[in-house]
Structures are given as C-alpha cells and as structure tokens.
Amino acid sequence: MLLRLDTTDSRPLHEQVAGAIRRAIAEGECAPGDRLPPARELSRALGVNANTVLRGLRALRDEGVLEFRRGRGVTVTEAADQRSRLLERARQLAADAAHLGYSRNDLIEMIRGLS
C-alpha cells in the first residue's frame, strides 16, 4: 500500500492520514477484508508520529471504514467501499456548493429540505 501526504496541505496530519487511507481504498489499493500494515509501519512510511497515524485510523473506525480486532489488526470493512463512494460524493457536493457561494450550513438546510 503506497500512501503519501501532501506537504502543502494545511489540514491536521491525522486528517491527512485518514484521507490517504480513504484514497487507497477508493483507488482499490485496499479492498474490504484487507488488513492494513501496523501503525508503526505506516508512521515510518508517512514520516509522522505513530500516535498521529492511530488518531487517523480511529477516525476511520468511527466512520465505519475500518475495524479494529485484537490479534487480527486493522481491517477494511465490507461497507468501506460504499461508504467511501458516498463520502467522496458528499465532499464533491460540498465543494460544488462552496464554488457556487453556498456555505455548508446552506447545503445542510438544502438537504434537510429534501425529506
């Protein structure tokens, strides 16, 4: 799994780590059921602290993208592929709304109006 961070990105490093893993899943480098390398190995590859990697992994676990299992490591969930596509579409929608001058709150209100 080839992960890389953008040194010009202003987002916190743990968010960049989570984004890099999301990209790897979206691009098919990691499939549902695949086990990720240990956090220490990821931290060495990315050049960041292991705690930063763990924080990014926990965020992905909370999103339902990853599953932590004692003795089995961190694996990509079956729902990750679908969730990854949906999150990417949501991010694109937010970017499109911002381009048109709408705030995230405006977008949220638009979505609430759909129900």
# chains A, B, ... in the order shown; residues from 1 in each chain; ligands from 1

$ residues_around --residues "A:Val48" --least-positions-apart "5" --cutoff "12 Å" --atoms "only C-alpha atoms" --output "VMD selection string"
chain A and resid 3 to 5 7 12 to 14 16 to 17 39 to 43 53 to 56

$ write_last_selection --atoms "C-alpha atoms" --output "PDB file, in the first residue's frame"
ATOM      1  CA  LEU A   3       0.448   6.174   0.966  1.00  0.00           C
ATOM      2  CA  ARG A   4       1.687   9.719   0.733  1.00  0.00           C
ATOM      3  CA  LEU A   5       0.866  13.014   2.382  1.00  0.00           C
ATOM      4  CA  THR A   7       3.219  18.668   2.487  1.00  0.00           C
ATOM      5  CA  PRO A  12      -4.064  18.430  10.504  1.00  0.00           C
ATOM      6  CA  LEU A  13      -1.797  15.445   9.882  1.00  0.00           C
ATOM      7  CA  HIS A  14      -4.233  12.888  11.313  1.00  0.00           C
ATOM      8  CA  GLN A  16      -4.351  13.748   6.006  1.00  0.00           C
ATOM      9  CA  VAL A  17      -3.518  10.197   7.141  1.00  0.00           C
ATOM     10  CA  ALA A  39       0.530   1.780  12.723  1.00  0.00           C
ATOM     11  CA  ARG A  40       4.283   1.907  13.359  1.00  0.00           C
ATOM     12  CA  GLU A  41       4.981   0.781   9.811  1.00  0.00           C
ATOM     13  CA  LEU A  42       2.522   3.339   8.420  1.00  0.00           C
ATOM     14  CA  SER A  43       4.075   6.071  10.558  1.00  0.00           C
ATOM     15  CA  VAL A  53      -1.487   7.530  12.459  1.00  0.00           C
ATOM     16  CA  LEU A  54      -3.522   5.953  15.262  1.00  0.00           C
ATOM     17  CA  ARG A  55      -5.689   9.070  15.503  1.00  0.00           C
ATOM     18  CA  GLY A  56      -6.385   8.889  11.762  1.00  0.00           C
TER      19      GLY A  56
END

$ residues_around --residues "stretch 69-80 of chain A" --least-positions-apart "2" --cutoff "12 Å" --atoms "only C-alpha atoms" --output "PyMOL selection string"
chain A and resi 21-26+28-39+42+54+57-58+60-67+82-88

$ write_last_selection --atoms "N, CA and C atoms" --output "compact mmCIF listing (two decimals), in the first residue's frame"
# COMPACT_ATOMS: atom_id res chain seq x y z
N ILE A 21 -5.63 7.03 3.46
CA ILE A 21 -6.16 5.67 3.54
C ILE A 21 -7.50 5.58 2.79
N ARG A 22 -8.33 6.61 2.91
CA ARG A 22 -9.58 6.64 2.14
C ARG A 22 -9.29 6.56 0.64
N ARG A 23 -8.28 7.32 0.20
CA ARG A 23 -7.91 7.30 -1.22
C ARG A 23 -7.45 5.91 -1.64
N ALA A 24 -6.63 5.28 -0.79
CA ALA A 24 -6.14 3.93 -1.10
C ALA A 24 -7.30 2.96 -1.26
N ILE A 25 -8.31 3.09 -0.42
CA ILE A 25 -9.49 2.23 -0.53
C ILE A 25 -10.27 2.57 -1.79
N ALA A 26 -10.48 3.86 -2.04
CA ALA A 26 -11.24 4.29 -3.21
C ALA A 26 -10.56 3.89 -4.51
N GLY A 28 -8.74 1.24 -4.91
CA GLY A 28 -8.62 -0.20 -5.00
C GLY A 28 -7.33 -0.78 -4.47
N GLU A 29 -6.49 0.04 -3.84
CA GLU A 29 -5.25 -0.49 -3.25
C GLU A 29 -5.55 -1.35 -2.03
N CYS A 30 -6.66 -1.05 -1.37
CA CYS A 30 -7.12 -1.83 -0.21
C CYS A 30 -8.57 -2.19 -0.48
N ALA A 31 -8.89 -3.44 -0.33
CA ALA A 31 -10.26 -3.90 -0.56
C ALA A 31 -10.88 -4.33 0.77
N PRO A 32 -12.21 -4.39 0.81
CA PRO A 32 -12.85 -4.89 2.03
C PRO A 32 -12.26 -6.24 2.43
N GLY A 33 -11.96 -6.36 3.72
CA GLY A 33 -11.35 -7.58 4.24
C GLY A 33 -9.84 -7.53 4.33
N ASP A 34 -9.22 -6.59 3.60
CA ASP A 34 -7.76 -6.47 3.64
C ASP A 34 -7.31 -5.92 4.98
N ARG A 35 -6.16 -6.39 5.42
CA ARG A 35 -5.57 -5.92 6.66
C ARG A 35 -4.58 -4.82 6.35
N LEU A 36 -4.60 -3.75 7.13
CA LEU A 36 -3.65 -2.65 6.96
C LEU A 36 -2.34 -2.98 7.66
N PRO A 37 -1.26 -2.38 7.20
CA PRO A 37 0.02 -2.55 7.92
C PRO A 37 -0.11 -1.97 9.33
N PRO A 38 0.74 -2.42 10.25
CA PRO A 38 0.71 -1.86 11.61
C PRO A 38 0.95 -0.35 11.61
N ALA A 39 0.42 0.33 12.63
CA ALA A 39 0.53 1.78 12.72
C ALA A 39 1.98 2.24 12.71
N LEU A 42 3.13 2.22 9.14
CA LEU A 42 2.52 3.34 8.42
C LEU A 42 3.17 4.66 8.81
N LEU A 54 -2.46 6.58 14.48
CA LEU A 54 -3.52 5.95 15.26
C LEU A 54 -4.76 6.85 15.34
N LEU A 57 -6.50 6.49 12.07
CA LEU A 57 -7.15 5.16 12.00
C LEU A 57 -8.41 5.13 12.85
N ARG A 58 -8.37 5.72 14.04
CA ARG A 58 -9.56 5.75 14.90
C ARG A 58 -10.69 6.54 14.25
N LEU A 60 -11.26 6.77 11.08
CA LEU A 60 -11.83 5.89 10.05
C LEU A 60 -12.64 4.76 10.68
N ARG A 61 -12.22 4.29 11.84
CA ARG A 61 -13.00 3.28 12.55
C ARG A 61 -14.35 3.87 12.94
N ASP A 62 -14.35 5.11 13.44
CA ASP A 62 -15.59 5.76 13.85
C ASP A 62 -16.52 6.01 12.67
N GLU A 63 -15.96 6.16 11.47
CA GLU A 63 -16.75 6.34 10.25
C GLU A 63 -17.28 5.01 9.72
N GLY A 64 -16.77 3.91 10.25
CA GLY A 64 -17.20 2.59 9.78
C GLY A 64 -16.37 2.06 8.62
N VAL A 65 -15.27 2.72 8.31
CA VAL A 65 -14.40 2.32 7.20
C VAL A 65 -13.45 1.21 7.62
N LEU A 66 -12.97 1.27 8.87
CA LEU A 66 -12.03 0.28 9.39
C LEU A 66 -12.60 -0.42 10.61
N GLU A 67 -12.07 -1.61 10.85
CA GLU A 67 -12.46 -2.38 12.02
C GLU A 67 -11.20 -2.80 12.75
N GLN A 82 -18.61 1.25 -0.24
CA GLN A 82 -19.82 2.03 -0.46
C GLN A 82 -19.75 3.34 0.30
N ARG A 83 -19.32 3.27 1.54
CA ARG A 83 -19.22 4.47 2.36
C ARG A 83 -18.21 5.44 1.77
N SER A 84 -17.11 4.90 1.27
CA SER A 84 -16.08 5.73 0.66
C SER A 84 -16.64 6.48 -0.54
N ARG A 85 -17.41 5.80 -1.36
CA ARG A 85 -18.02 6.46 -2.53
C ARG A 85 -19.00 7.54 -2.09
N LEU A 86 -19.81 7.23 -1.08
CA LEU A 86 -20.78 8.21 -0.61
C LEU A 86 -20.08 9.43 -0.01
N LEU A 87 -19.05 9.20 0.80
CA LEU A 87 -18.31 10.32 1.38
C LEU A 87 -17.65 11.17 0.29
N GLU A 88 -17.12 10.54 -0.72
CA GLU A 88 -16.50 11.29 -1.81
C GLU A 88 -17.54 12.14 -2.54

$ atom_distance --atom1 "atom CA of A:Asp6" --atom2 "atom CA of A:Leu107"
27.7 Å

$ select_by_dssp --residues "chain A" --states "strand (DSSP E)" --output "list in words"
Leu66, Glu67, Phe68, Arg69, Gly73, Val74, Thr75 and Val76 of chain A

$ write_last_selection --atoms "N, CA and C atoms" --output "tab-separated table (two decimals), in the first residue's frame"
chain	number	residue	atom	x	y	z
A	66	LEU	N	-12.97	1.27	8.87
A	66	LEU	CA	-12.03	0.28	9.39
A	66	LEU	C	-12.60	-0.42	10.61
A	67	GLU	N	-12.07	-1.61	10.85
A	67	GLU	CA	-12.46	-2.38	12.02
A	67	GLU	C	-11.20	-2.80	12.75
A	68	PHE	N	-11.18	-2.59	14.06
A	68	PHE	CA	-10.04	-2.99	14.88
A	68	PHE	C	-10.40	-4.31	15.56
A	69	ARG	N	-9.53	-5.29	15.42
A	69	ARG	CA	-9.75	-6.57	16.10
A	69	ARG	C	-8.46	-7.01	16.78
A	73	GLY	N	-5.44	-7.20	13.94
A	73	GLY	CA	-5.05	-5.90	13.39
A	73	GLY	C	-6.23	-5.08	12.93
A	74	VAL	N	-5.93	-4.20	12.00
A	74	VAL	CA	-6.93	-3.27	11.46
A	74	VAL	C	-7.29	-3.73	10.05
A	75	THR	N	-8.59	-3.94	9.82
A	75	THR	CA	-9.03	-4.39	8.50
A	75	THR	C	-10.03	-3.40	7.91
A	76	VAL	N	-10.12	-3.43	6.59
A	76	VAL	CA	-11.08	-2.60	5.87
A	76	VAL	C	-12.44	-3.31	5.94

$ closest_residue --among "A:Ser103, A:Thr8, A:Glu15, A:Leu2" --to "A:Ala45" --atoms "only C-alpha atoms"
A:Leu2

$ select_by_dssp --residues "chain A" --states "helix (DSSP H, G or I)" --output "ChimeraX atom specification"
/A:13-26,39-46,50-63,80-99,104-112
